[in-house]
$ cat structure-v2.cif   # mmCIF, C-alpha atoms
data_final
loop_
_atom_site.label_atom_id
_atom_site.label_comp_id
_atom_site.auth_asym_id
_atom_site.auth_seq_id
_atom_site.Cartn_x
_atom_site.Cartn_y
_atom_site.Cartn_z
CA MET F 72 -8.87 -13.12 45.00
CA ASN F 73 -10.19 -14.69 41.84
CA ALA F 74 -12.02 -11.52 40.95
CA THR F 75 -8.82 -9.48 41.37
CA GLU F 76 -6.88 -11.93 39.19
CA ASN F 77 -9.59 -11.82 36.56
CA SER F 78 -9.58 -8.03 36.61
CA GLY F 79 -5.77 -7.99 36.29
CA SER F 80 -5.79 -10.39 33.34
CA SER F 81 -8.57 -8.46 31.58
CA ASP F 82 -6.56 -5.22 32.03
CA THR F 83 -3.53 -6.92 30.49
CA LEU F 84 -5.68 -8.22 27.67
CA SER F 85 -7.18 -4.80 26.99
CA TRP F 86 -3.69 -3.27 27.06
CA GLN F 87 -2.46 -5.82 24.53
CA ALA F 88 -5.59 -5.25 22.45
CA ILE F 89 -5.08 -1.48 22.38
CA ASN F 90 -1.41 -1.92 21.39
CA LEU F 91 -2.52 -4.17 18.56
CA ALA F 92 -5.39 -1.84 17.58
CA GLU F 93 -3.00 1.11 17.33
CA ILE F 94 -0.62 -0.81 15.06
CA ILE F 95 -3.45 -2.09 12.85
CA SER F 96 -4.92 1.40 12.64
CA VAL F 97 -1.63 2.98 11.51
CA VAL F 98 -0.84 0.21 9.01
CA LEU F 99 -4.39 0.40 7.62
CA SER F 100 -4.02 4.16 7.10
CA ILE F 101 -0.97 3.53 4.92
CA LEU F 102 -2.67 0.70 3.01
CA LEU F 103 -5.79 2.86 2.60
CA VAL F 104 -3.79 5.52 0.78
CA GLU F 105 -1.78 3.05 -1.30
CA TRP F 106 -4.68 0.86 -2.41
CA ALA F 107 -8.04 2.57 -1.92
CA LEU F 108 -7.40 6.30 -2.39
CA ALA F 109 -4.55 6.29 -4.93
CA PRO F 110 -6.77 4.88 -7.72
CA PHE F 111 -9.16 7.83 -7.26
CA ALA F 112 -6.72 10.71 -7.02
CA VAL F 113 -9.49 13.31 -7.20
CA LEU F 114 -8.01 15.72 -4.71
CA PRO F 115 -4.31 15.14 -4.06
CA TRP F 116 -4.44 16.85 -0.65
CA LEU F 117 -7.05 14.31 0.45
CA LEU F 118 -4.46 11.54 0.06
CA GLY F 119 -2.51 13.12 2.91
CA ALA F 120 -5.46 13.01 5.33
CA PRO F 121 -5.17 9.36 6.54
CA PRO F 122 -1.39 9.62 7.16
CA LEU F 123 -1.99 12.86 9.05
CA LEU F 124 -4.66 11.17 11.17
CA ALA F 125 -2.28 8.26 11.81
CA PHE F 126 0.42 10.74 12.79
CA ALA F 127 -1.99 12.48 15.17
CA LEU F 128 -2.94 9.13 16.71
CA MET F 129 0.72 8.23 17.22
CA LEU F 130 1.48 11.56 18.91
CA TYR F 131 -1.61 11.25 21.11
CA SER F 132 -0.62 7.70 22.03
CA HIS F 133 2.87 8.82 23.06
CA ARG F 134 1.35 11.59 25.15
CA CYS F 135 -1.10 9.25 26.89
CA ARG F 136 1.67 6.79 27.70
CA GLY F 137 4.12 9.47 28.81
CA GLU F 138 6.67 8.60 26.12
CA THR F 139 9.14 11.39 25.37
CA ALA F 140 11.03 12.01 22.12
CA GLN F 141 14.20 10.91 23.90
CA MET F 142 12.61 7.59 24.83
CA LEU F 143 11.52 6.98 21.25
CA GLY F 144 15.07 7.44 20.03
CA PHE F 145 15.09 11.03 18.78
CA GLY F 146 17.84 12.13 21.15
CA GLY F 147 21.58 11.64 21.00
CA ARG F 148 21.52 8.74 23.44
CA TYR F 149 22.65 5.39 21.99
CA PHE F 150 23.57 7.15 18.75
CA ASP F 151 27.19 5.93 18.82
CA ARG F 152 26.25 2.40 19.77
CA ALA F 153 23.46 2.20 17.18
CA LEU F 154 25.73 3.61 14.48
CA LEU F 155 28.41 1.09 15.40
CA LEU F 156 25.95 -1.79 15.27
CA LEU F 157 24.49 -0.59 11.97
CA ALA F 158 27.83 0.15 10.29
CA GLY F 159 28.67 -3.50 9.58
CA PRO F 160 25.42 -4.63 7.93
CA THR F 161 24.95 -1.29 6.14
CA LEU F 162 28.43 -1.24 4.62
CA LEU F 163 28.18 -4.93 3.77
CA ALA F 164 24.84 -4.37 2.01
CA ILE F 165 26.23 -1.34 0.14
CA ALA F 166 29.26 -3.35 -0.96
CA ALA F 167 27.01 -6.20 -2.12
CA LEU F 168 24.76 -3.81 -4.07
CA ILE F 169 27.74 -2.08 -5.71
CA PHE F 170 29.18 -5.49 -6.60
CA VAL F 171 25.87 -6.54 -8.21
CA SER F 172 25.66 -3.27 -10.15
CA HIS F 173 29.27 -3.65 -11.30
CA ALA F 174 28.66 -7.22 -12.40
CA THR F 175 25.49 -6.32 -14.29
CA HIS F 176 26.77 -2.93 -15.54
CA SER F 177 23.71 -1.29 -14.04
CA LEU F 178 25.25 1.62 -12.15
CA HIS F 179 23.13 4.59 -13.20
CA LEU F 180 21.69 7.90 -12.04
CA PRO F 181 17.90 7.60 -12.04
CA ASP F 182 15.53 10.44 -12.95
CA ARG F 183 15.43 13.29 -10.43
CA PHE F 184 18.06 11.52 -8.33
CA TRP F 185 19.38 14.61 -6.56
CA ALA F 186 15.88 15.90 -5.80
CA ARG F 187 14.95 12.50 -4.35
CA LEU F 188 18.21 12.39 -2.39
CA SER F 189 17.50 15.77 -0.84
CA LEU F 190 14.10 14.53 0.41
CA LEU F 191 15.42 11.17 1.54
CA PRO F 192 16.72 12.12 5.04
CA GLY F 193 13.34 13.47 6.17
CA TRP F 194 11.46 10.63 4.52
CA ALA F 195 13.79 8.03 6.07
CA LEU F 196 13.45 9.54 9.54
CA LEU F 197 9.66 9.54 9.22
CA GLN F 198 9.65 5.90 8.11
CA GLN F 199 12.01 4.89 10.91
CA TYR F 200 9.84 6.68 13.44
CA VAL F 201 6.69 4.85 12.29
CA LEU F 202 8.54 1.55 11.96
CA LEU F 203 10.60 1.57 15.13
CA GLY F 204 9.48 4.47 17.30
CA PHE F 205 5.86 3.39 17.08
CA THR F 206 5.20 -0.07 15.56
CA TYR F 207 8.20 -1.81 17.11
CA ARG F 208 7.60 -0.28 20.53
CA ARG F 209 3.91 -1.23 20.53
CA LEU F 210 4.53 -4.81 19.37
CA ARG F 211 7.31 -5.14 21.93
CA GLN F 212 4.80 -4.56 24.74
CA PHE F 213 3.36 -8.05 24.27
CA LEU F 214 5.83 -10.02 22.14
CA HIS F 215 9.31 -11.42 22.57
CA ALA F 216 12.15 -9.40 20.99
CA ASN F 217 12.82 -11.90 18.18
CA GLN F 218 9.13 -12.20 17.30
CA THR F 219 8.81 -8.40 17.33
CA ILE F 220 11.79 -7.99 15.01
CA ILE F 221 10.36 -10.40 12.44
CA ILE F 222 6.80 -9.05 12.62
CA THR F 223 7.99 -5.42 12.37
CA ALA F 224 10.08 -6.28 9.31
CA GLY F 225 7.10 -8.16 7.86
CA LEU F 226 4.80 -5.17 8.33
CA PHE F 227 7.42 -2.89 6.75
CA ALA F 228 7.55 -5.21 3.75
CA LEU F 229 3.74 -5.41 3.64
CA VAL F 230 3.29 -1.67 3.18
CA HIS F 231 5.66 -1.89 0.18
CA ALA F 232 3.49 -4.53 -1.55
CA PRO F 233 3.20 -5.51 -4.38
CA ASN F 234 6.65 -4.23 -5.40
CA TYR F 235 8.24 -7.58 -4.50
CA PRO F 236 11.92 -6.64 -5.06
CA LEU F 237 11.36 -3.67 -2.75
CA MET F 238 9.45 -5.91 -0.32
CA ILE F 239 12.46 -8.24 -0.03
CA LEU F 240 14.84 -5.32 0.48
CA THR F 241 12.60 -3.64 3.05
CA PHE F 242 12.11 -6.91 4.91
CA LEU F 243 15.88 -7.34 5.21
CA GLY F 244 16.31 -3.68 6.16
CA GLY F 245 13.50 -3.97 8.69
CA LEU F 246 15.20 -6.96 10.32
CA ILE F 247 18.50 -5.09 10.69
CA TRP F 248 17.00 -1.82 11.95
CA SER F 249 14.66 -3.54 14.42
CA PHE F 250 17.48 -5.77 15.66
CA VAL F 251 19.65 -2.73 16.34
CA TYR F 252 16.77 -0.69 17.81
CA GLU F 253 16.24 -3.41 20.41
CA ARG F 254 19.87 -2.99 21.46
CA ALA F 255 20.35 0.73 20.91
CA PRO F 256 17.08 2.65 20.40
CA ASN F 257 18.16 5.58 18.23
CA LEU F 258 16.20 6.73 15.21
CA PHE F 259 18.84 9.07 13.75
CA ALA F 260 21.37 6.26 13.34
CA ALA F 261 18.72 4.05 11.74
CA SER F 262 17.79 6.93 9.39
CA ILE F 263 21.41 7.40 8.29
CA SER F 264 21.58 3.70 7.45
CA HIS F 265 18.22 3.97 5.65
CA VAL F 266 19.38 6.96 3.55
CA LEU F 267 22.65 5.27 2.55
CA LEU F 268 20.94 2.02 1.61
CA SER F 269 18.09 3.71 -0.28
CA ALA F 270 20.51 5.88 -2.26
CA THR F 271 22.60 2.83 -3.15
CA VAL F 272 19.50 0.87 -4.16
CA LEU F 273 18.45 3.76 -6.42
CA ILE F 274 21.74 3.85 -8.30
CA ALA F 275 22.81 0.22 -8.14
CA ILE F 276 19.84 -2.06 -8.66
CA PRO F 277 19.17 -2.70 -12.37
CA GLU F 278 15.86 -1.42 -13.65
CA TRP F 279 14.80 -4.89 -14.75
CA ILE F 280 14.91 -5.96 -11.10
CA LEU F 281 13.54 -2.80 -9.48
CA PRO F 282 11.75 -0.75 -12.15
CA SER F 283 10.38 1.80 -9.70
CA MET F 284 10.04 2.64 -6.02
CA THR F 285 6.25 2.96 -6.30
CA VAL F 286 4.03 0.77 -4.16
CA GLY F 287 0.37 -0.22 -3.97
CA TYR F 288 -2.05 0.39 -6.83
CA ARG F 289 0.32 2.75 -8.64
CA TYR F 290 2.96 0.04 -8.92
CA LEU F 291 0.52 -2.21 -10.77
CA LEU F 292 -0.74 0.67 -12.90
CA TYR F 293 2.61 1.82 -14.26
CA HIS F 294 4.51 -1.46 -14.09
CA ASN F 295 5.37 -3.13 -17.40
CA PHE F 296 4.43 -6.77 -17.12
CA MET S 258 15.01 -55.15 0.89
CA SER S 259 12.05 -57.56 1.04
CA SER S 260 10.18 -58.48 -2.13
CA ASN S 261 6.96 -57.21 -0.60
CA ARG S 262 8.33 -53.72 -0.41
CA LEU S 263 9.51 -53.89 -4.00
CA LEU S 264 6.14 -55.09 -5.22
CA LYS S 265 4.27 -51.91 -4.53
CA THR S 266 1.17 -51.15 -6.52
CA THR S 267 1.23 -48.22 -8.89
CA THR S 268 -1.17 -46.36 -6.64
CA ASP S 269 1.18 -46.73 -3.68
CA VAL S 270 4.10 -45.43 -5.69
CA ARG S 271 2.11 -42.43 -6.89
CA GLU S 272 0.93 -41.77 -3.36
CA THR S 273 4.50 -41.90 -2.05
CA ASP S 274 5.73 -39.63 -4.83
CA ARG S 275 3.01 -37.17 -4.08
CA ASN S 276 3.90 -37.22 -0.41
CA ILE S 277 7.56 -36.63 -1.18
CA GLY S 278 6.62 -33.82 -3.53
CA LEU S 279 4.42 -32.20 -0.92
CA CYS S 280 7.15 -32.44 1.70
CA LEU S 281 9.63 -30.78 -0.60
CA VAL S 282 7.54 -27.82 -1.64
CA ARG S 283 5.14 -27.13 1.23
CA PRO S 284 5.46 -23.36 1.79
CA ALA S 285 4.49 -23.67 5.45
CA ASP S 286 7.48 -25.94 6.09
CA VAL S 287 9.83 -23.60 4.26
CA LEU S 288 8.54 -20.61 6.22
CA SER S 289 8.74 -22.44 9.54
CA ALA S 290 12.32 -23.56 8.78
CA ALA S 291 13.27 -20.00 7.82
CA ALA S 292 11.70 -18.59 10.99
CA LYS S 293 13.44 -21.19 13.15
CA SER S 294 16.83 -20.46 11.62
CA MET S 295 16.23 -16.73 12.10
CA PHE S 296 15.38 -17.23 15.77
CA ARG S 297 18.48 -19.43 16.18
CA MET S 298 20.62 -16.76 14.53
CA ALA S 299 19.08 -14.07 16.76
CA ARG S 300 19.85 -16.18 19.84
CA CYS S 301 23.48 -16.48 18.70
CA PHE S 302 23.68 -12.71 18.26
CA ASN S 303 22.12 -12.15 21.67
CA SER S 304 24.88 -14.15 23.34
CA LEU S 305 27.54 -11.72 22.07
CA PRO S 306 28.34 -9.10 24.75
CA GLY S 307 28.04 -6.04 22.49
CA LEU S 308 24.75 -7.17 20.96
CA ARG S 309 22.70 -7.84 24.07
CA PRO S 310 19.18 -6.34 24.03
CA ILE S 311 18.69 -3.16 26.03
CA HIS S 312 16.32 -4.66 28.65
CA GLU S 313 18.79 -7.46 29.46
CA CYS S 314 21.53 -4.86 29.95
CA GLN S 315 19.24 -3.00 32.33
CA ARG S 316 18.56 -6.10 34.40
CA SER S 317 22.23 -7.05 34.69
CA ASN S 318 23.41 -3.46 35.27
CA ASN S 319 26.05 -4.05 32.62
CA CYS S 320 25.25 -1.48 29.96
CA PRO S 321 27.67 0.06 27.52
CA THR S 322 26.08 3.52 27.91
CA PRO S 323 23.89 5.12 30.59
CA MET S 324 20.27 3.93 30.46
CA MET S 325 17.54 6.06 29.00
CA THR S 326 14.61 6.98 31.20
CA GLY S 327 12.23 4.36 29.79
CA ALA S 328 12.86 0.84 28.54
CA LEU S 329 11.26 -0.57 25.39
CA VAL S 330 8.94 -2.68 27.52
CA ASN S 331 6.63 -0.95 29.97
CA GLU S 332 6.64 -2.92 33.21
CA VAL S 333 3.76 -0.90 34.70
CA GLU S 334 0.20 -1.54 33.56
CA PRO S 335 -1.50 1.65 32.39
CA ALA S 336 -4.53 3.17 34.06
CA PRO S 337 -7.92 2.15 32.64
CA GLU S 338 -8.56 5.81 31.72
CA THR S 339 -5.49 5.75 29.45
CA VAL S 340 -6.78 2.62 27.71
CA ALA S 341 -10.22 4.19 27.32
CA ARG S 342 -8.72 7.39 25.87
CA LEU S 343 -6.66 5.41 23.38
CA VAL S 344 -9.65 3.28 22.37
CA ARG S 345 -11.66 6.45 21.73
CA ALA S 346 -8.79 7.92 19.67
CA VAL S 347 -8.49 4.78 17.51
CA LEU S 348 -12.26 4.69 16.96
CA LEU S 349 -12.40 8.39 16.08
CA LYS S 350 -9.55 8.00 13.60
CA SER S 351 -11.25 4.99 11.99
CA LEU S 352 -14.49 6.91 11.69
CA LEU S 353 -12.77 9.89 10.07
CA GLU S 354 -10.98 7.60 7.64
CA ILE S 355 -14.25 5.96 6.65
CA LEU S 356 -15.68 9.44 6.01
CA ILE S 357 -12.64 10.38 3.90
CA LEU S 358 -12.98 7.14 1.94
CA CYS S 359 -16.68 7.81 1.29
CA LEU S 360 -15.89 11.39 0.25
CA VAL S 361 -13.17 10.30 -2.18
CA LEU S 362 -15.30 7.52 -3.66
CA GLY S 363 -18.24 9.89 -3.98
CA ILE S 364 -16.21 12.59 -5.75
CA ALA S 365 -14.53 9.97 -7.95
CA GLY S 366 -17.92 8.49 -8.81
CA PHE S 367 -19.18 11.83 -10.07
CA LYS S 368 -15.93 12.82 -11.73
CA TYR S 369 -15.01 9.60 -13.51
CA PHE S 370 -18.34 7.79 -13.85
CA ASN S 371 -20.57 10.84 -14.08
CA PRO S 372 -24.15 9.65 -13.52
CA THR S 373 -25.70 12.99 -14.50
CA ILE S 374 -24.83 12.73 -18.19
CA ARG S 375 -28.05 12.59 -20.15
CA GLY S 376 -28.91 12.37 -23.80
CA GLU S 377 -31.23 11.05 -26.42
CA ILE S 378 -30.87 9.15 -29.65
CA MET S 379 -33.37 10.99 -31.82
CA GLN S 380 -32.80 9.16 -35.05
CA ALA S 381 -31.07 5.92 -35.96
CA ASP S 382 -31.06 4.49 -39.48
CA ALA S 383 -28.92 2.41 -41.80
CA VAL S 384 -26.23 5.07 -42.26
CA SER S 385 -26.41 7.51 -39.35
CA VAL S 386 -27.26 8.10 -35.69
CA ARG S 387 -28.31 11.55 -34.46
CA GLY S 388 -29.14 12.90 -31.03
CA TRP S 389 -28.04 15.16 -28.23
CA VAL S 390 -26.11 14.84 -24.99
CA THR S 391 -25.62 17.07 -21.97
CA ASN S 392 -23.36 17.11 -18.93
CA PRO S 393 -24.95 19.26 -16.18
CA LEU S 394 -21.73 19.20 -14.11
CA ALA S 395 -19.73 20.79 -16.94
CA PRO S 396 -22.33 22.21 -19.33
CA HIS S 397 -19.91 24.02 -21.63
CA ASP S 398 -17.20 21.35 -21.93
CA PRO S 399 -17.12 19.24 -25.10
CA ILE S 400 -18.17 15.61 -24.58
CA GLN S 401 -16.34 12.74 -26.21
CA LEU S 402 -18.76 10.10 -27.51
CA GLU S 403 -18.43 6.53 -28.67
CA LEU S 404 -21.00 4.83 -30.87
CA VAL S 405 -21.63 1.16 -30.20
CA ILE S 406 -23.71 -0.80 -32.72
CA ASP S 407 -24.70 -4.37 -31.86
CA GLY S 408 -22.23 -4.36 -28.98
CA ARG S 409 -19.27 -3.35 -31.18
CA PRO S 410 -17.54 0.05 -30.92
CA THR S 411 -18.06 1.65 -34.31
CA ALA S 412 -17.06 5.31 -34.20
CA ILE S 413 -15.94 8.10 -31.90
CA MET S 414 -16.51 11.85 -32.05
CA THR S 415 -16.43 14.92 -29.84
CA ALA S 416 -19.74 16.69 -29.35
CA LEU S 417 -19.13 20.44 -29.25
CA GLU S 418 -21.60 22.72 -27.55
CA VAL S 419 -23.20 24.41 -30.55
CA GLN S 420 -22.72 23.24 -34.08
CA PRO S 421 -23.58 25.37 -37.15
CA GLY S 422 -27.09 24.52 -38.24
CA HIS S 423 -28.16 23.48 -34.77
CA ALA S 424 -28.10 26.94 -33.19
CA VAL S 425 -31.84 27.19 -32.67
CA SER S 426 -32.28 23.79 -31.09
CA ALA S 427 -29.17 24.30 -28.95
CA LEU S 428 -30.56 27.54 -27.59
CA ARG S 429 -33.86 25.85 -26.87
CA ARG S 430 -32.26 22.99 -24.96
CA GLY S 431 -29.70 25.03 -23.07
CA SER S 432 -26.35 23.28 -22.82
CA GLU S 433 -27.12 20.29 -24.98
CA HIS S 434 -24.52 19.10 -27.42
CA PRO S 435 -25.93 17.80 -30.69
CA PHE S 436 -24.12 14.89 -32.33
CA GLU S 437 -24.31 12.95 -35.54
CA PHE S 438 -22.49 9.77 -36.48
CA SER S 439 -22.27 8.63 -40.12
CA PHE S 440 -21.14 5.17 -41.08
CA GLN S 441 -21.29 2.57 -43.86
CA ARG S 442 -24.73 1.15 -44.56
CA LEU S 443 -25.74 -1.50 -42.06
CA PRO S 444 -26.94 -4.91 -43.30
CA ALA S 445 -30.61 -5.82 -43.10
CA GLY S 446 -31.88 -7.08 -39.76
CA THR S 447 -32.42 -5.83 -36.23
CA HIS S 448 -29.73 -3.60 -34.73
CA SER S 449 -29.19 -2.06 -31.33
CA VAL S 450 -27.48 1.32 -30.98
CA GLN S 451 -26.09 2.97 -27.89
CA VAL S 452 -23.97 6.10 -27.48
CA TYR S 453 -21.53 6.36 -24.57
CA ALA S 454 -19.86 9.41 -23.07
CA VAL S 455 -16.13 8.69 -22.74
CA GLN S 456 -14.56 9.89 -19.51
CA THR S 457 -10.95 9.77 -18.44
CA THR S 458 -10.03 8.34 -15.07
CA PRO S 459 -6.62 8.51 -13.33
CA GLY S 460 -3.94 6.54 -15.07
CA ARG S 461 -4.66 5.06 -18.47
CA THR S 462 -8.25 4.02 -18.01
CA LEU S 463 -11.32 5.36 -19.81
CA SER S 464 -14.85 4.88 -18.57
CA LEU S 465 -17.95 4.69 -20.77
CA VAL S 466 -21.23 6.07 -19.46
CA PRO S 467 -24.36 5.34 -21.59
CA ILE S 468 -26.29 8.51 -22.45
CA THR S 469 -29.70 6.78 -22.38
CA ARG S 470 -31.17 4.20 -20.06
CA ARG S 471 -31.80 1.69 -22.85
CA SER S 472 -30.16 1.18 -26.21
CA GLU S 473 -32.15 2.11 -29.31
CA THR S 474 -33.30 -0.86 -31.40
CA PHE S 475 -34.41 -0.68 -35.01
CA THR S 476 -34.96 -3.10 -37.90
CA LEU S 477 -33.79 -2.67 -41.47
CA SER S 478 -35.72 -4.53 -44.09
CA PRO S 479 -33.80 -6.11 -47.01
CA GLY S 480 -35.61 -3.95 -49.52
CA ARG S 481 -34.40 -0.57 -48.17
#

$ encode --input "structure-v2.cif" --output "structure tokens"
Amino acid sequence: MNATENSGSSDTLSWQAINLAEIISVVLSILLVEWALAPFAVLPWLLGAPPLLAFALMLYSHRCRGETAQMLGFGGRYFDRALLLLAGPTLLAIAALIFVSHATHSLHLPDRFWARLSLLPGWALLQQYVLLGFTYRRLRQFLHANQTIIITAGLFALVHAPNYPLMILTFLGGLIWSFVYERAPNLFAASISHVLLSATVLIAIPEWILPSMTVGYRYLLYHNF
Amino acid sequence: MSSNRLLKTTTDVRETDRNIGLCLVRPADVLSAAAKSMFRMARCFNSLPGLRPIHECQRSNNCPTPMMTGALVNEVEPAPETVARLVRAVLLKSLLEILILCLVLGIAGFKYFNPTIRGEIMQADAVSVRGWVTNPLAPHDPIQLELVIDGRPTAIMTALEVQPGHAVSALRRGSEHPFEFSFQRLPAGTHSVQVYAVQTTPGRTLSLVPITRRSETFTLSPGR
């Protein structure tokens, strides 16, 4: 009896450990590019290798666990509910950002705004997938919902270090998106919110607060202290 | 208030002040208070009917929309083979990333801190330094050089492959770039001279690679 219990608890432990290992592995891939490879940009295509490996690991993990795209939140299910839940905080945040920009006369069109805007939907969906479809789901296997929400938002902010204004914004965004994902797991709705908020941040936040959207080593390299 | 409490020693007062100060600014306390208030807020949100988490809806069969096939939390423990496969995948990915890191650092080491640059200071005197330098990885590219005398950067120049007047020696040495620095007369005494190859790295950084293992040292007598 004891042996069976021990075996059961060790299985649970190994399952928790593998969930944690997967998250750490994916986060480390992002940090590796931002901090260790970016300073030595010898071959630009080589910078894409760790994210591609992380992506392959995530896909393999979904396959091993029998998770479908629908389960992750890529389908139309929960779209309405998620959009409804996200509408309030997203519109409130947009209104607050526009108010700040109006008060500080900082409404502006940044360089290559339209080009960046055209790439934003894909980029936002990818980020939401890694944040919610993978990290949140894995953390949720062994943590309570509230703990998972805070840790997911914290990890999202961490990968935007050391751009601290962006870290604060991403932490808040991470809290909202994770909170809604727990209640209505849909990545498209979260991506729409992400695109709207990112576009507003680009045009509304004064440059003296958020000089660039770069993160990691490059932020320190090109940032005017 | 008793007189004993009023008659505190200076040390006590300082100690108390320090304690109060610590209580006010301890980051751990601030973080814990913030986390607690966040959890409290989350609990409040959870109690609202429209904002209940998906797994609670599933348990109470009171969901606003039909359930998806899998919940966020897997109730069933996975097979040991699945765990083993995932462990292998994580290890393989880590190994490949280490290899990529080594490859990038290796290439960067050669590109930005080129260890194959060689040269020689053939003559160093009070007013000039002459020698040659070669870069086997890019034999025909010009090499930017910086002269450092007594630890101070003194002059910079670009060593071209073949200079007029050095054609014979250049042919003899292959891809060597002759160089010559001229400067104001140095004061009497012992001086050390080193020539560095300047290399650009990503961003705004330059790296200096010495062309010889040791710097050249020479002494100028007051009479010369």

$ resolve_selection --input "structure-v2.cif" --expression "the PyMOL selection byres ((chain F) within 6 of (chain S))" --output "ChimeraX atom specification"
/F:111,142,212,253-254

$ atom_distance --input "structure-v2.cif" --atom1 "atom CA of His265 of chain F" --atom2 "atom CA of Gly119 of chain F"
22.8 Å

$ resolve_selection --input "structure-v2.cif" --expression "the PyMOL selection byres ((chain F and resi 210) around 10)" --output "PyMOL selection string"
(chain F and resi 87+90-91+93-94+203+205-209+211-216+218-220+222-223) or (chain S and resi 329-330)

$ write_last_selection --input "structure-v2.cif" --atoms "C-alpha atoms" --output "compact mmCIF listing (two decimals), keeping the file's coordinate frame"
# COMPACT_ATOMS: atom_id res chain seq x y z
CA GLN F 87 -2.46 -5.82 24.53
CA ASN F 90 -1.41 -1.92 21.39
CA LEU F 91 -2.52 -4.17 18.56
CA GLU F 93 -3.00 1.11 17.33
CA ILE F 94 -0.62 -0.81 15.06
CA LEU F 203 10.60 1.57 15.13
CA PHE F 205 5.86 3.39 17.08
CA THR F 206 5.20 -0.07 15.56
CA TYR F 207 8.20 -1.81 17.11
CA ARG F 208 7.60 -0.28 20.53
CA ARG F 209 3.91 -1.23 20.53
CA ARG F 211 7.31 -5.14 21.93
CA GLN F 212 4.80 -4.56 24.74
CA PHE F 213 3.36 -8.05 24.27
CA LEU F 214 5.83 -10.02 22.14
CA HIS F 215 9.31 -11.42 22.57
CA ALA F 216 12.15 -9.40 20.99
CA GLN F 218 9.13 -12.20 17.30
CA THR F 219 8.81 -8.40 17.33
CA ILE F 220 11.79 -7.99 15.01
CA ILE F 222 6.80 -9.05 12.62
CA THR F 223 7.99 -5.42 12.37
CA LEU S 329 11.26 -0.57 25.39
CA VAL S 330 8.94 -2.68 27.52

$ atom_distance --input "structure-v2.cif" --atom1 "atom CA of Val384 of chain S" --atom2 "atom CA of Phe438 of chain S"
8.3 Å

$ closest_residue --input "structure-v2.cif" --among "F:Leu202, F:Ile263, F:Ala153, F:Val171" --to "Thr241 of chain F" --atoms "only C-alpha atoms"
F:Leu202

$ resolve_selection --input "structure-v2.cif" --expression "the PyMOL selection byres ((chain F and resi 169) around 9)" --output "list of chain:residue names"
F:Ala164, F:Ile165, F:Ala166, F:Ala167, F:Leu168, F:Phe170, F:Val171, F:Ser172, F:His173, F:Ala174, F:Leu178, F:Thr271, F:Val272, F:Ile274, F:Ala275, F:Ile276

$ closest_residue --input "structure-v2.cif" --among "S:Arg409, S:His434, S:Arg375, S:Arg345" --to "Arg387 of chain S" --atoms "all atoms listed in the file"
S:His434

$ closest_residue --input "structure-v2.cif" --among "F:Arg289, F:Arg152, F:Arg134, F:Arg187" --to "Val266 of chain F" --atoms "all atoms listed in the file"
F:Arg187

$ residues_near_point --input "structure-v2.cif" --point "(21.5, 9.1, -4.0)" --cutoff "7 Å" --atoms "only C-alpha atoms" --output "ChimeraX atom specification"
/F:184-185,188,270-271,273-274

$ write_last_selection --input "structure-v2.cif" --atoms "C-alpha atoms" --output "compact mmCIF listing (two decimals), keeping the file's coordinate frame"
# COMPACT_ATOMS: atom_id res chain seq x y z
CA PHE F 184 18.06 11.52 -8.33
CA TRP F 185 19.38 14.61 -6.56
CA LEU F 188 18.21 12.39 -2.39
CA ALA F 270 20.51 5.88 -2.26
CA THR F 271 22.60 2.83 -3.15
CA LEU F 273 18.45 3.76 -6.42
CA ILE F 274 21.74 3.85 -8.30

$ residues_around --input "structure-v2.cif" --residues "Leu258 of chain F" --least-positions-apart "6" --cutoff "8 Å" --atoms "all atoms listed in the file" --output "number ranges by chain"
F: 143-145, 196, 199-200, 203-204, 252

$ closest_residue --input "structure-v2.cif" --among "S:Ser472, S:Gln380, S:Ser385, S:Ser478" --to "Ala445 of chain S" --atoms "all atoms listed in the file"
S:Ser478

$ residues_near_point --input "structure-v2.cif" --point "(20.3, -5.9, 9.9)" --cutoff "9 Å" --atoms "all atoms listed in the file" --output "list in words"
Leu156, Leu157, Gly159, Pro160, Thr161, Leu243, Gly244, Gly245, Leu246, Ile247, Trp248, Ser249, Phe250 and Val251 of chain F

$ write_last_selection --input "structure-v2.cif" --atoms "C-alpha atoms" --output "mmCIF file, keeping the file's coordinate frame"
data_model
loop_
_atom_site.group_PDB
_atom_site.id
_atom_site.type_symbol
_atom_site.label_atom_id
_atom_site.label_comp_id
_atom_site.auth_asym_id
_atom_site.auth_seq_id
_atom_site.Cartn_x
_atom_site.Cartn_y
_atom_site.Cartn_z
ATOM 1 C CA LEU F 156 25.950 -1.790 15.270
ATOM 2 C CA LEU F 157 24.490 -0.590 11.970
ATOM 3 C CA GLY F 159 28.670 -3.500 9.580
ATOM 4 C CA PRO F 160 25.420 -4.630 7.930
ATOM 5 C CA THR F 161 24.950 -1.290 6.140
ATOM 6 C CA LEU F 243 15.880 -7.340 5.210
ATOM 7 C CA GLY F 244 16.310 -3.680 6.160
ATOM 8 C CA GLY F 245 13.500 -3.970 8.690
ATOM 9 C CA LEU F 246 15.200 -6.960 10.320
ATOM 10 C CA ILE F 247 18.500 -5.090 10.690
ATOM 11 C CA TRP F 248 17.000 -1.820 11.950
ATOM 12 C CA SER F 249 14.660 -3.540 14.420
ATOM 13 C CA PHE F 250 17.480 -5.770 15.660
ATOM 14 C CA VAL F 251 19.650 -2.730 16.340
#

$ atom_distance --input "structure-v2.cif" --atom1 "atom CA of Val230 of chain F" --atom2 "atom CA of Pro121 of chain F"
14.3 Å
